[in-house]
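A.B. asks: coords-v1.cif (mmCIF, C-alpha atoms, pLDDT in the B column; chains and numbers go by the auth columns) pasted underneath:
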```cif
data_target
loop_
_atom_site.group_PDB
_atom_site.id
_atom_site.type_symbol
_atom_site.label_atom_id
_atom_site.label_comp_id
_atom_site.label_asym_id
_atom_site.label_seq_id
_atom_site.Cartn_x
_atom_site.Cartn_y
_atom_site.Cartn_z
_atom_site.B_iso_or_equiv
_atom_site.auth_seq_id
_atom_site.auth_asym_id
ATOM 1 C CA MET A 1 36.743 95.852 33.419 76.00 1 A
ATOM 2 C CA ARG A 2 33.308 95.530 34.951 80.00 2 A
ATOM 3 C CA ASN A 3 33.585 91.721 34.989 82.00 3 A
ATOM 4 C CA MET A 4 36.999 91.915 36.665 81.00 4 A
ATOM 5 C CA LEU A 5 35.614 94.128 39.412 82.00 5 A
ATOM 6 C CA LYS A 6 32.654 91.767 39.873 82.00 6 A
ATOM 7 C CA ILE A 7 34.987 88.753 40.161 83.00 7 A
ATOM 8 C CA ALA A 8 37.217 90.579 42.675 81.00 8 A
ATOM 9 C CA LEU A 9 34.265 91.607 44.837 82.00 9 A
ATOM 10 C CA GLU A 10 32.733 88.118 44.773 83.00 10 A
ATOM 11 C CA GLY A 11 36.098 86.625 45.727 79.00 11 A
ATOM 12 C CA ALA A 12 36.569 89.111 48.570 81.00 12 A
ATOM 13 C CA PHE A 13 33.048 88.454 49.867 80.00 13 A
ATOM 14 C CA THR A 14 33.556 84.675 49.659 80.00 14 A
ATOM 15 C CA ASN A 15 36.860 84.924 51.554 77.00 15 A
ATOM 16 C CA PHE A 16 35.220 87.203 54.146 76.00 16 A
ATOM 17 C CA LYS A 17 32.492 84.572 54.717 75.00 17 A
ATOM 18 C CA ARG A 18 35.066 81.788 54.994 73.00 18 A
ATOM 19 C CA ILE A 19 37.239 83.665 57.463 73.00 19 A
ATOM 20 C CA PHE A 20 34.614 85.191 59.727 73.00 20 A
ATOM 21 C CA PHE A 21 31.679 82.799 59.488 72.00 21 A
ATOM 22 C CA ALA A 22 33.468 79.502 58.752 68.00 22 A
ATOM 23 C CA ALA A 23 31.407 79.078 55.576 65.00 23 A
ATOM 24 C CA ASP A 24 32.430 76.228 53.272 69.00 24 A
ATOM 25 C CA ARG A 25 34.582 74.724 56.033 66.00 25 A
ATOM 26 C CA VAL A 26 35.787 71.258 55.143 67.00 26 A
ATOM 27 C CA THR A 27 38.307 70.642 57.919 67.00 27 A
ATOM 28 C CA ASP A 28 37.117 70.439 61.512 74.00 28 A
ATOM 29 C CA MET A 29 38.532 72.830 64.105 79.00 29 A
ATOM 30 C CA GLU A 30 40.680 70.195 65.827 82.00 30 A
ATOM 31 C CA MET A 31 42.412 69.361 62.549 79.00 31 A
ATOM 32 C CA ARG A 32 42.863 73.076 61.774 79.00 32 A
ATOM 33 C CA LYS A 33 44.487 73.524 65.186 85.00 33 A
ATOM 34 C CA GLN A 34 46.834 70.583 64.540 85.00 34 A
ATOM 35 C CA ILE A 35 47.744 71.970 61.114 81.00 35 A
ATOM 36 C CA SER A 36 48.394 75.485 62.432 84.00 36 A
ATOM 37 C CA THR A 37 50.571 74.191 65.286 89.00 37 A
ATOM 38 C CA LEU A 38 52.372 71.632 63.090 85.00 38 A
ATOM 39 C CA SER A 39 51.268 68.813 65.374 86.00 39 A
ATOM 40 C CA VAL A 40 49.470 66.598 62.844 80.00 40 A
ATOM 41 C CA LYS A 41 50.275 62.959 63.510 78.00 41 A
ATOM 42 C CA PRO A 42 50.366 60.802 60.373 72.00 42 A
ATOM 43 C CA ALA A 43 48.047 57.825 60.189 72.00 43 A
ATOM 44 C CA LYS A 44 49.557 54.468 61.055 72.00 44 A
ATOM 45 C CA LYS A 45 50.775 52.863 57.847 79.00 45 A
ATOM 46 C CA VAL A 46 51.927 49.455 59.094 83.00 46 A
ATOM 47 C CA ASP A 47 49.699 46.951 60.842 81.00 47 A
ATOM 48 C CA GLU A 48 52.302 45.254 63.025 82.00 48 A
ATOM 49 C CA ASP A 49 49.800 42.721 64.369 82.00 49 A
ATOM 50 C CA ALA A 50 49.009 41.369 60.896 82.00 50 A
ATOM 51 C CA CYS A 51 52.625 41.407 59.730 87.00 51 A
ATOM 52 C CA ILE A 52 54.467 38.066 59.691 88.00 52 A
ATOM 53 C CA GLY A 53 57.882 39.751 59.511 90.00 53 A
ATOM 54 C CA CYS A 54 59.047 38.166 56.263 88.00 54 A
ATOM 55 C CA GLY A 55 60.714 41.313 54.871 89.00 55 A
ATOM 56 C CA GLY A 56 59.253 40.877 51.397 87.00 56 A
ATOM 57 C CA CYS A 57 57.908 44.428 51.414 89.00 57 A
ATOM 58 C CA ALA A 58 61.368 45.852 52.118 90.00 58 A
ATOM 59 C CA ASN A 59 62.861 43.687 49.371 89.00 59 A
ATOM 60 C CA VAL A 60 60.492 44.966 46.675 89.00 60 A
ATOM 61 C CA CYS A 61 60.436 48.661 47.628 90.00 61 A
ATOM 62 C CA PRO A 62 62.077 50.513 44.708 91.00 62 A
ATOM 63 C CA THR A 63 62.932 53.595 46.804 93.00 63 A
ATOM 64 C CA ASN A 64 64.149 51.824 49.963 92.00 64 A
ATOM 65 C CA ALA A 65 61.353 53.489 51.905 92.00 65 A
ATOM 66 C CA ILE A 66 60.866 50.386 54.051 92.00 66 A
ATOM 67 C CA GLU A 67 63.333 49.240 56.662 93.00 67 A
ATOM 68 C CA MET A 68 62.810 46.197 58.850 93.00 68 A
ATOM 69 C CA LYS A 69 63.111 47.089 62.531 93.00 69 A
ATOM 70 C CA LYS A 70 63.822 44.535 65.246 95.00 70 A
ATOM 71 C CA LEU A 71 61.084 43.794 67.737 94.00 71 A
ATOM 72 C CA ALA A 72 61.895 44.189 71.428 94.00 72 A
ATOM 73 C CA SER A 73 60.620 40.670 71.987 94.00 73 A
ATOM 74 C CA PRO A 74 60.027 38.125 69.196 93.00 74 A
ATOM 75 C CA VAL A 75 56.456 36.970 68.554 91.00 75 A
ATOM 76 C CA LYS A 76 55.863 33.264 67.982 89.00 76 A
ATOM 77 C CA LEU A 77 53.235 32.884 65.260 86.00 77 A
ATOM 78 C CA THR A 78 53.417 29.111 64.790 83.00 78 A
ATOM 79 C CA ASP A 79 55.686 26.295 65.905 85.00 79 A
ATOM 80 C CA SER A 80 57.946 26.931 62.934 84.00 80 A
ATOM 81 C CA TRP A 81 57.664 30.729 62.495 85.00 81 A
ATOM 82 C CA THR A 82 58.676 33.475 64.899 90.00 82 A
ATOM 83 C CA LYS A 83 58.380 37.119 63.918 92.00 83 A
ATOM 84 C CA THR A 84 61.513 39.082 64.877 94.00 84 A
ATOM 85 C CA GLU A 85 61.128 42.186 62.683 93.00 85 A
ATOM 86 C CA VAL A 86 58.384 44.448 61.385 91.00 86 A
ATOM 87 C CA PRO A 87 58.508 47.003 58.563 91.00 87 A
ATOM 88 C CA GLU A 88 58.872 50.712 59.181 90.00 88 A
ATOM 89 C CA LEU A 89 57.714 52.969 56.331 88.00 89 A
ATOM 90 C CA ASN A 90 59.536 56.235 55.641 88.00 90 A
ATOM 91 C CA SER A 91 56.781 58.403 54.167 83.00 91 A
ATOM 92 C CA LEU A 92 59.303 60.892 52.763 85.00 92 A
ATOM 93 C CA LYS A 93 60.842 58.214 50.515 89.00 93 A
ATOM 94 C CA CYS A 94 57.551 56.481 49.633 87.00 94 A
ATOM 95 C CA VAL A 95 56.306 57.078 46.080 87.00 95 A
ATOM 96 C CA VAL A 96 53.003 55.248 46.686 83.00 96 A
ATOM 97 C CA CYS A 97 53.708 52.552 44.109 84.00 97 A
ATOM 98 C CA TYR A 98 51.913 49.917 46.250 82.00 98 A
ATOM 99 C CA TYR A 99 54.579 47.270 45.578 84.00 99 A
ATOM 100 C CA CYS A 100 54.829 46.645 49.322 86.00 100 A
ATOM 101 C CA HIS A 101 51.085 46.343 49.679 83.00 101 A
ATOM 102 C CA ASP A 102 50.642 44.124 46.645 81.00 102 A
ATOM 103 C CA PHE A 103 53.553 41.866 47.509 81.00 103 A
ATOM 104 C CA CYS A 104 52.658 41.326 51.174 83.00 104 A
ATOM 105 C CA PRO A 105 52.244 37.552 51.615 79.00 105 A
ATOM 106 C CA VAL A 106 49.439 38.001 54.127 77.00 106 A
ATOM 107 C CA PHE A 107 47.562 39.929 51.451 71.00 107 A
ATOM 108 C CA LEU A 108 48.775 37.857 48.525 55.00 108 A
ATOM 109 C CA LEU A 109 48.252 34.422 49.979 51.00 109 A
ATOM 110 C CA TYR A 110 45.270 34.883 52.194 53.00 110 A
ATOM 111 C CA GLY A 111 43.199 37.553 50.474 53.00 111 A
ATOM 112 C CA GLU A 112 43.367 39.840 53.491 58.00 112 A
ATOM 113 C CA LYS A 113 44.308 43.511 53.677 64.00 113 A
ATOM 114 C CA GLY A 114 48.017 44.092 53.256 68.00 114 A
ATOM 115 C CA THR A 115 50.047 44.940 56.353 72.00 115 A
ATOM 116 C CA ILE A 116 51.421 48.111 54.754 73.00 116 A
ATOM 117 C CA HIS A 117 49.334 50.745 53.072 68.00 117 A
ATOM 118 C CA PRO A 118 50.723 54.147 52.063 59.00 118 A
ATOM 119 C CA ASN A 119 47.295 55.710 52.575 62.00 119 A
ATOM 120 C CA THR A 120 45.016 55.299 55.524 59.00 120 A
ATOM 121 C CA VAL A 121 42.637 52.392 55.059 56.00 121 A
ATOM 122 C CA GLY A 122 40.968 52.514 58.456 59.00 122 A
ATOM 123 C CA ASN A 123 41.247 50.059 61.281 63.00 123 A
ATOM 124 C CA GLN A 124 41.913 46.477 60.438 61.00 124 A
ATOM 125 C CA GLU A 125 42.062 43.440 62.641 68.00 125 A
ATOM 126 C CA VAL A 126 43.780 40.345 61.349 67.00 126 A
ATOM 127 C CA ASP A 127 44.601 37.255 63.396 71.00 127 A
ATOM 128 C CA VAL A 128 47.743 36.039 61.667 70.00 128 A
ATOM 129 C CA SER A 129 47.964 32.854 63.729 72.00 129 A
ATOM 130 C CA GLU A 130 44.650 31.680 62.249 72.00 130 A
ATOM 131 C CA LEU A 131 45.578 32.722 58.717 68.00 131 A
ATOM 132 C CA ILE A 132 49.018 31.156 58.729 70.00 132 A
ATOM 133 C CA ASN A 133 47.603 27.753 59.695 72.00 133 A
ATOM 134 C CA GLN A 134 45.033 27.675 56.879 70.00 134 A
ATOM 135 C CA PRO A 135 45.947 25.495 53.906 68.00 135 A
ATOM 136 C CA VAL A 136 46.784 27.503 50.802 68.00 136 A
ATOM 137 C CA LYS A 137 47.059 26.235 47.248 72.00 137 A
ATOM 138 C CA ILE A 138 49.724 28.042 45.266 72.00 138 A
ATOM 139 C CA SER A 139 51.185 26.930 41.968 77.00 139 A
ATOM 140 C CA ASP A 140 54.880 25.956 41.917 81.00 140 A
ATOM 141 C CA ASP A 141 55.821 28.790 39.541 81.00 141 A
ATOM 142 C CA LYS A 142 54.186 31.374 41.816 76.00 142 A
ATOM 143 C CA LEU A 143 55.941 29.892 44.862 75.00 143 A
ATOM 144 C CA LYS A 144 59.256 30.170 43.039 78.00 144 A
ATOM 145 C CA VAL A 145 58.705 33.882 42.301 75.00 145 A
ATOM 146 C CA ILE A 146 57.577 34.571 45.871 72.00 146 A
ATOM 147 C CA SER A 147 60.566 32.789 47.378 74.00 147 A
ATOM 148 C CA GLN A 148 62.948 34.718 45.120 73.00 148 A
ATOM 149 C CA TYR A 149 61.523 38.058 46.258 68.00 149 A
ATOM 150 C CA LEU A 150 61.603 37.070 49.908 69.00 150 A
ATOM 151 C CA SER A 151 65.204 35.883 49.783 69.00 151 A
ATOM 152 C CA ASP A 152 66.978 37.981 47.163 65.00 152 A
ATOM 153 C CA LYS A 153 67.197 41.753 47.565 59.00 153 A
ATOM 154 C CA THR A 154 68.882 42.190 44.184 57.00 154 A
ATOM 155 C CA ILE A 155 65.868 41.213 42.083 53.00 155 A
ATOM 156 C CA LEU A 156 64.488 44.753 41.817 50.00 156 A
ATOM 157 C CA LYS A 157 67.498 46.732 42.990 51.00 157 A
ATOM 158 C CA ASN A 158 71.018 46.526 44.257 47.00 158 A
ATOM 159 C CA ARG A 159 71.117 48.186 47.656 45.00 159 A
ATOM 160 C CA GLY A 160 74.799 47.587 48.128 46.00 160 A
ATOM 161 C CA ASP A 161 74.091 45.710 51.400 46.00 161 A
#
```
Written as structure tokens, how would this file's structure read?

C.D. replies:
Amino acid sequence: MRNMLKIALEGAFTNFKRIFFAADRVTDMEMRKQISTLSVKPAKKVDEDACIGCGGCANVCPTNAIEMKKLASPVKLTDSWTKTEVPELNSLKCVVCYYCHDFCPVFLLYGEKGTIHPNTVGNQEVDVSELINQPVKISDDKLKVISQYLSDKTILKNRGD
């Protein structure tokens, strides 16, 4: 009984210090204010500048958490490639499997950070026009798998589209 009373008093004292003296505070006051007012803005998950708009991420997402949204104005990346869509990640459907991140051709082919990341990875700056013009050596069997994923939505799932 004595130990229980000691634990209760220590807990009460610790909570008192946390509440009134901000002891052991981990979150800064601005974040606490955002949390208490339900105004927390989620970190950006898609780097639209680095994205080439291929739709591979949406094709491999097992929970359909990624939808391709049309751009207001297409972006010409090279003479033969114009980006017309970029992915939009629905965080409520995302199960953080990283398929989208791992399959991203910008990441896969060029060794750069993927254009989608379910968790914040900080700021990233990628010049896709430079990357897309670099020669890349990829084996024929790997190219075949990549092209299947980019063109066929039924490989991992049947969306009923």

A.B. asks: Report, in Å to a single decimal, how far apart CA of Cys54 (chain A) and CA of Phe107 (chain A) are.

C.D. replies: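 Those two atoms sit 12.6 Å apart.
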
A.B. asks: What does the structure give for the distance between CA of Phe21 (chain A) and CA of Met4 (chain A), in Å to one decimal?

C.D. replies: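 Calculated distance between CA of Phe21 (chain A) and CA of Met4 (chain A) is 25.1 Å.
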
A.B. asks: Given the PyMOL selection byres ((chain A and resi 94) around 10) and the file above, list the residues it selects as a PyMOL selection string.

C.D. replies: chain A and resi 61-66+89-93+95-98+118

A.B. asks: Taking only C-alpha atoms into account, which of A:Asp47, A:Pro105, A:Ala72, A:Asp28 comes nearest Ser147 (chain A)?

C.D. replies: A:Pro105

A.B. asks: Under the rule that all atoms listed in the file are counted, which of A:Cys100, A:Val46, A:Val106, A:Ala12 is the nearest residue to Lys69 (chain A)?

C.D. replies: A:Val46

A.B. asks: What is the CA of Gln148 (chain A)-CA of Val128 (chain A) distance in Å, reported with one decimal?

C.D. replies: 22.5 Å

A.B. asks: Evaluated on this file, the PyMOL selection byres ((chain A and resi 87) around 6) picks out some residues - which ones are they, written as a list of chain:residue names?

C.D. replies: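 Taken on the displayed file, the PyMOL selection byres ((chain A and resi 87) around 6) yields the residues A:Glu67, A:Met68, A:Val86, A:Glu88.
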
A.B. asks: So which residues touch Trp81 (chain A) within 12 Å, counting only C-alpha atoms, skipping near sequence neighbours fewer than 4 positions away, as a list in words?

C.D. replies: Ile52, Gly53, Cys54, Pro74, Val75, Lys76, Leu77, Glu85, Val128, Ser129, Ile132 and Asn133 of chain A

A.B. asks: Taking N, CA, C and O atoms as the atom set, what does region 60-86 of chain A look like once completed, written as a compact mmCIF listing (two decimals), keeping the file's coordinate frame?

C.D. replies:
```
# COMPACT_ATOMS: atom_id res chain seq x y z
N VAL A 60 61.04 44.50 47.94
CA VAL A 60 60.49 44.97 46.68
C VAL A 60 60.37 46.48 46.57
O VAL A 60 60.10 46.99 45.50
N CYS A 61 60.60 47.21 47.66
CA CYS A 61 60.44 48.66 47.63
C CYS A 61 61.51 49.30 46.73
O CYS A 61 62.70 49.20 47.02
N PRO A 62 61.10 49.96 45.65
CA PRO A 62 62.08 50.51 44.71
C PRO A 62 62.81 51.75 45.23
O PRO A 62 63.85 52.12 44.71
N THR A 63 62.29 52.38 46.28
CA THR A 63 62.93 53.60 46.80
C THR A 63 63.56 53.39 48.18
O THR A 63 63.98 54.35 48.82
N ASN A 64 63.60 52.15 48.64
CA ASN A 64 64.15 51.82 49.96
C ASN A 64 63.43 52.58 51.07
O ASN A 64 64.04 52.99 52.06
N ALA A 65 62.14 52.77 50.91
CA ALA A 65 61.35 53.49 51.90
C ALA A 65 60.97 52.60 53.08
O ALA A 65 60.45 53.09 54.07
N ILE A 66 61.24 51.31 52.98
CA ILE A 66 60.87 50.39 54.05
C ILE A 66 62.12 49.75 54.63
O ILE A 66 62.93 49.18 53.91
N GLU A 67 62.25 49.88 55.93
CA GLU A 67 63.33 49.24 56.66
C GLU A 67 62.69 48.28 57.66
O GLU A 67 61.67 48.59 58.25
N MET A 68 63.30 47.14 57.86
CA MET A 68 62.81 46.20 58.85
C MET A 68 63.44 46.56 60.19
O MET A 68 64.65 46.67 60.29
N LYS A 69 62.61 46.76 61.20
CA LYS A 69 63.11 47.09 62.53
C LYS A 69 62.90 45.90 63.45
O LYS A 69 61.88 45.21 63.39
N LYS A 70 63.88 45.66 64.30
CA LYS A 70 63.82 44.54 65.25
C LYS A 70 62.75 44.78 66.30
O LYS A 70 62.58 45.90 66.77
N LEU A 71 62.06 43.73 66.66
CA LEU A 71 61.08 43.79 67.74
C LEU A 71 61.81 43.66 69.08
O LEU A 71 62.81 42.94 69.17
N ALA A 72 61.29 44.30 70.09
CA ALA A 72 61.90 44.19 71.43
C ALA A 72 61.83 42.75 71.92
O ALA A 72 62.79 42.24 72.51
N SER A 73 60.73 42.09 71.65
CA SER A 73 60.62 40.67 71.99
C SER A 73 59.97 39.95 70.81
O SER A 73 58.92 40.38 70.31
N PRO A 74 60.58 38.87 70.33
CA PRO A 74 60.03 38.12 69.20
C PRO A 74 58.63 37.60 69.50
O PRO A 74 58.27 37.34 70.65
N VAL A 75 57.83 37.46 68.43
CA VAL A 75 56.46 36.97 68.55
C VAL A 75 56.36 35.64 67.83
O VAL A 75 56.59 35.55 66.63
N LYS A 76 56.00 34.59 68.58
CA LYS A 76 55.86 33.26 67.98
C LYS A 76 54.49 33.17 67.32
O LYS A 76 53.46 33.29 67.97
N LEU A 77 54.49 32.98 66.00
CA LEU A 77 53.24 32.88 65.26
C LEU A 77 52.77 31.44 65.12
O LEU A 77 51.59 31.16 65.21
N THR A 78 53.71 30.54 64.85
CA THR A 78 53.42 29.11 64.79
C THR A 78 54.62 28.38 65.38
O THR A 78 55.61 29.01 65.76
N ASP A 79 54.55 27.07 65.39
CA ASP A 79 55.69 26.30 65.90
C ASP A 79 56.95 26.51 65.08
O ASP A 79 58.06 26.46 65.60
N SER A 80 56.77 26.79 63.80
CA SER A 80 57.95 26.93 62.93
C SER A 80 58.22 28.37 62.49
O SER A 80 59.14 28.60 61.71
N TRP A 81 57.46 29.35 62.96
CA TRP A 81 57.66 30.73 62.50
C TRP A 81 57.56 31.70 63.66
O TRP A 81 56.55 31.78 64.34
N THR A 82 58.65 32.44 63.87
CA THR A 82 58.68 33.48 64.90
C THR A 82 59.00 34.80 64.23
O THR A 82 59.98 34.91 63.49
N LYS A 83 58.18 35.78 64.50
CA LYS A 83 58.38 37.12 63.92
C LYS A 83 59.39 37.88 64.78
O LYS A 83 59.19 38.04 65.98
N THR A 84 60.48 38.34 64.15
CA THR A 84 61.51 39.08 64.88
C THR A 84 61.63 40.52 64.41
O THR A 84 62.24 41.33 65.09
N GLU A 85 61.05 40.84 63.24
CA GLU A 85 61.13 42.19 62.68
C GLU A 85 59.77 42.60 62.12
O GLU A 85 58.97 41.75 61.74
N VAL A 86 59.57 43.89 62.05
CA VAL A 86 58.38 44.45 61.38
C VAL A 86 58.84 45.62 60.52
O VAL A 86 59.86 46.25 60.80
```
